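Participant: Could you have a look at this structure, given as structure tokens, before my questions?
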Amino acid sequence: MSTSFKILSDAATLPSCDTLIAMAVYNGDRVNWVEQAVNSILQQTLDAFVFVIVIDGTILAELMELLLAFSERDSRIVLLQNETNIGLAASMNKAIEWGFCISPKYFVRMDADDVSKPERLERQISYLQHHEHVAVLGSGLTEIDEEGNKVGARVMPASHKKIVRMLPRRCTLNHPTVTIRYDVFAQGFRYDADLLNTQDYFLWITLASHGFVFRNLKERLLEFRRVNDFYKRRGFAKSVNEFKARIYAMKALRRFTLWNVTYACGVLCLRLMPAKVVKLAYKFDRLLLEKIIKH
């Protein structure tokens with residue numbers, strides 16, 4: 001295991017644990033949102049887990065104090081600190097590597113600005129326990145604004161067949177909602193740490209091409225924070241990476257079709273348009289996705 005992080009608090013006294021929850025925080029995270037995110041995990045109806053929080057480089061003193069206070073009050077929390085900011089994908093890989101020391105069965109993603117519903121863990125772990133062929137399980141989510149008001153929803157296709165069929169056109173799992181069997185990581189699969197975004201999209205394509213089975217619950221088990229400048233923040237680099245992911249999916253899944261290529265090029269062009277146009281397209285995309293799921 002890499003030594004490029006230090007352990008600020010450890011769960012070394014804990015026995016083997018089935019469930020590891022991983023979250024990363026960095027200097028740009030808001031303290032109150034992180035507090036809500038952590039509390040939403042600590043208040044889960046399923047309470048047997050280890051919660052690994054990776055501190056990605058230097059963070060605000062107030063945020064560090066909050067995390068240390070949480071770890072002192074709850075022995076399920078493990079704090080790992082990276083020496084420098086290395087990004088979400090590399091931080092998740094650090095949590096995955098550390099997790100092998102407690103022999104977990106499930107890896108649960110959490111973001112520092114989201115809120116998990118109290119029953120999230122119980123629903124997802126129970127589902128995986130009863131469906132041993134499923135390797136990656138996502139769920140629907142509710143979109144909330146900066147004040148916590150509902151502003152939308154995102155429910156993905158439920159079946160493996162639809163999830164994989166649509167991968168060349170869109171990322172068909174809500175990343176902050178996923179639970180992954182640790183067997184996936186035991187076989188050597190990881191997030192691509194060289195990517196600063198779309199890491200999840202590339203990972204799903206890779207796993208799908210290797211035959212892993214996906215599933216989405218339609219229940220909205222997470223509140224996803226959609227900030228006001230959401231449509232402005234995607235950036236050219238993210239748009240290009242999404243385009244590359246779509247081409248990769250077509251190759252890896254052998255789904256090179258005129259429709260898929262046209263869609264990929266169309267979305268790339270759309271991302272370069274003014275934010276207002278992107279906002280309208282996003283709303284249309286949500287309606288289109290709902291229609292696809294219903295049929």
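As shown in the structure tokens, the chain order sets the letters A, B, ...; within each chain, residues go from 1, and ligands are also counted from 1 in the order they appear.
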List every residue of region 112-278 of chain A that DSSP, applied to the backbone, labels as alpha helix (DSSP H), and write the result as a PyMOL selection string.
Facilitator: chain A and resi 120-130+160-166+182-186+199-209+235-252+258-271+275-278
Participant: Applying 10 Å and only C-alpha atoms, which residues near Asp194 (chain A) remain after dropping the ones on its own chain fewer than 3 positions away? List them as a list in words.
Facilitator: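 Residues meeting the cut-off are Ile86, Gly87, Ala89, Ala90, Tyr191, Asn197 and Gln199 of chain A.
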Participant: Could you write those residues out with all heavy atoms, as a PDB file, in the first residue's frame?
Facilitator:
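Result file is selection_0.pdb:
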ATOM      1  N   ILE A  86      -4.503  15.244  -4.724  1.00  0.00           N
ATOM      2  CA  ILE A  86      -4.267  14.303  -5.822  1.00  0.00           C
ATOM      3  C   ILE A  86      -5.537  13.997  -6.614  1.00  0.00           C
ATOM      4  O   ILE A  86      -5.493  13.262  -7.598  1.00  0.00           O
ATOM      5  CB  ILE A  86      -3.652  12.986  -5.305  1.00  0.00           C
ATOM      6  CG1 ILE A  86      -4.580  12.305  -4.282  1.00  0.00           C
ATOM      7  CG2 ILE A  86      -2.282  13.241  -4.700  1.00  0.00           C
ATOM      8  CD1 ILE A  86      -4.085  10.954  -3.809  1.00  0.00           C
ATOM      9  N   GLY A  87      -6.676  14.550  -6.196  1.00  0.00           N
ATOM     10  CA  GLY A  87      -7.907  14.356  -6.937  1.00  0.00           C
ATOM     11  C   GLY A  87      -8.774  13.230  -6.406  1.00  0.00           C
ATOM     12  O   GLY A  87      -8.335  12.393  -5.606  1.00  0.00           O
ATOM     13  N   ALA A  89     -10.304  10.546  -7.916  1.00  0.00           N
ATOM     14  CA  ALA A  89     -10.044   9.158  -8.317  1.00  0.00           C
ATOM     15  C   ALA A  89      -8.907   8.547  -7.504  1.00  0.00           C
ATOM     16  O   ALA A  89      -9.034   7.435  -6.969  1.00  0.00           O
ATOM     17  CB  ALA A  89      -9.722   9.096  -9.806  1.00  0.00           C
ATOM     18  N   ALA A  90      -7.793   9.263  -7.401  1.00  0.00           N
ATOM     19  CA  ALA A  90      -6.647   8.752  -6.643  1.00  0.00           C
ATOM     20  C   ALA A  90      -6.993   8.610  -5.161  1.00  0.00           C
ATOM     21  O   ALA A  90      -6.562   7.662  -4.491  1.00  0.00           O
ATOM     22  CB  ALA A  90      -5.444   9.676  -6.822  1.00  0.00           C
ATOM     23  N   TYR A 191     -10.187   3.088 -10.122  1.00  0.00           N
ATOM     24  CA  TYR A 191     -10.433   4.330 -10.841  1.00  0.00           C
ATOM     25  C   TYR A 191      -9.146   4.738 -11.559  1.00  0.00           C
ATOM     26  O   TYR A 191      -8.042   4.482 -11.062  1.00  0.00           O
ATOM     27  CB  TYR A 191     -10.841   5.445  -9.876  1.00  0.00           C
ATOM     28  CG  TYR A 191     -12.194   5.281  -9.247  1.00  0.00           C
ATOM     29  CD1 TYR A 191     -12.330   4.706  -7.978  1.00  0.00           C
ATOM     30  CD2 TYR A 191     -13.347   5.728  -9.895  1.00  0.00           C
ATOM     31  CE1 TYR A 191     -13.579   4.562  -7.388  1.00  0.00           C
ATOM     32  CE2 TYR A 191     -14.598   5.586  -9.310  1.00  0.00           C
ATOM     33  CZ  TYR A 191     -14.712   5.002  -8.052  1.00  0.00           C
ATOM     34  OH  TYR A 191     -15.944   4.856  -7.475  1.00  0.00           O
ATOM     35  N   ASN A 197     -11.698  14.057 -14.036  1.00  0.00           N
ATOM     36  CA  ASN A 197     -13.156  13.959 -14.063  1.00  0.00           C
ATOM     37  C   ASN A 197     -13.548  12.741 -14.915  1.00  0.00           C
ATOM     38  O   ASN A 197     -12.682  12.117 -15.527  1.00  0.00           O
ATOM     39  CB  ASN A 197     -13.797  15.236 -14.611  1.00  0.00           C
ATOM     40  CG  ASN A 197     -13.169  15.692 -15.915  1.00  0.00           C
ATOM     41  OD1 ASN A 197     -13.103  14.930 -16.881  1.00  0.00           O
ATOM     42  ND2 ASN A 197     -12.683  16.934 -15.957  1.00  0.00           N
ATOM     43  N   GLN A 199     -14.077   9.870 -14.134  1.00  0.00           N
ATOM     44  CA  GLN A 199     -13.420   8.621 -13.733  1.00  0.00           C
ATOM     45  C   GLN A 199     -14.430   7.489 -13.603  1.00  0.00           C
ATOM     46  O   GLN A 199     -14.146   6.332 -13.949  1.00  0.00           O
ATOM     47  CB  GLN A 199     -12.707   8.795 -12.384  1.00  0.00           C
ATOM     48  CG  GLN A 199     -11.826  10.013 -12.284  1.00  0.00           C
ATOM     49  CD  GLN A 199     -12.537  11.216 -11.656  1.00  0.00           C
ATOM     50  OE1 GLN A 199     -13.762  11.312 -11.706  1.00  0.00           O
ATOM     51  NE2 GLN A 199     -11.775  12.107 -11.066  1.00  0.00           N
TER      52      GLN A 199
END
Participant: Looking at only C-alpha atoms, which of A:Leu196, A:Ile55, A:Leu80, A:Ala22 is the one that sits closest to Thr179 (chain A)?
Facilitator: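 The answer is A:Ala22, which sits nearest to Thr179 (chain A).
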Participant: For a test of reading the model, state the distance in Å between CA of Ile96 (chain A) and CA of Ala37 (chain A), rounded to one decimal.
Facilitator: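 Separating CA of Ile96 (chain A) from CA of Ala37 (chain A) is a distance of 19.7 Å.
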Participant: For Gln124 (chain A), which of A:Ala264, A:Ile144, A:Val25, A:Ile180 is the closest residue, counting only C-alpha atoms?
Facilitator: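 Among the listed residues, A:Ile180 lies closest to Gln124 (chain A).
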Participant: Once DSSP has gone over the backbone, tell me which residues of region 42-126 of chain A are in strand (DSSP E or B), as a ChimeraX atom specification.
Facilitator: /A:50-56,77-82,106-109,115-116
Participant: Would you output that residue set with N, CA and C atoms, as a compact mmCIF listing (two decimals), in the first residue's frame?
Facilitator:
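Result file is result08.txt:
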# COMPACT_ATOMS: atom_id res chain seq x y z
N VAL A 50 -17.41 0.92 8.31
CA VAL A 50 -16.27 1.79 8.54
C VAL A 50 -16.36 2.92 7.53
N PHE A 51 -16.21 4.14 8.00
CA PHE A 51 -16.37 5.33 7.17
C PHE A 51 -14.99 5.95 6.97
N VAL A 52 -14.42 5.77 5.78
CA VAL A 52 -13.10 6.30 5.46
C VAL A 52 -13.25 7.66 4.79
N ILE A 53 -12.71 8.69 5.42
CA ILE A 53 -12.73 10.04 4.86
C ILE A 53 -11.30 10.41 4.47
N VAL A 54 -11.10 10.60 3.18
CA VAL A 54 -9.77 10.97 2.68
C VAL A 54 -9.68 12.48 2.59
N ILE A 55 -8.75 13.06 3.32
CA ILE A 55 -8.53 14.50 3.29
C ILE A 55 -7.50 14.76 2.20
N ASP A 56 -7.96 15.36 1.10
CA ASP A 56 -7.13 15.47 -0.10
C ASP A 56 -6.31 16.76 -0.07
N ILE A 77 -15.16 6.05 12.15
CA ILE A 77 -14.54 6.98 11.19
C ILE A 77 -13.03 6.81 11.16
N VAL A 78 -12.49 6.70 9.96
CA VAL A 78 -11.05 6.65 9.73
C VAL A 78 -10.68 7.84 8.86
N LEU A 79 -9.72 8.63 9.31
CA LEU A 79 -9.26 9.79 8.53
C LEU A 79 -7.91 9.49 7.92
N LEU A 80 -7.83 9.62 6.59
CA LEU A 80 -6.57 9.50 5.87
C LEU A 80 -6.27 10.85 5.24
N GLN A 81 -5.04 11.31 5.34
CA GLN A 81 -4.71 12.60 4.74
C GLN A 81 -3.62 12.45 3.69
N ASN A 82 -3.93 12.92 2.47
CA ASN A 82 -2.92 12.96 1.41
C ASN A 82 -1.96 14.11 1.66
N TYR A 106 -18.26 -4.80 0.66
CA TYR A 106 -18.93 -3.75 -0.12
C TYR A 106 -18.21 -2.41 0.03
N PHE A 107 -18.15 -1.68 -1.08
CA PHE A 107 -17.54 -0.35 -1.12
C PHE A 107 -18.65 0.64 -1.49
N VAL A 108 -18.90 1.61 -0.62
CA VAL A 108 -20.00 2.56 -0.81
C VAL A 108 -19.42 3.95 -1.06
N ARG A 109 -19.86 4.59 -2.15
CA ARG A 109 -19.40 5.93 -2.46
C ARG A 109 -20.26 6.98 -1.78
N VAL A 115 -26.23 14.26 0.58
CA VAL A 115 -26.88 13.76 1.80
C VAL A 115 -27.51 12.40 1.49
N SER A 116 -27.09 11.36 2.21
CA SER A 116 -27.68 10.04 2.03
C SER A 116 -28.95 9.91 2.86
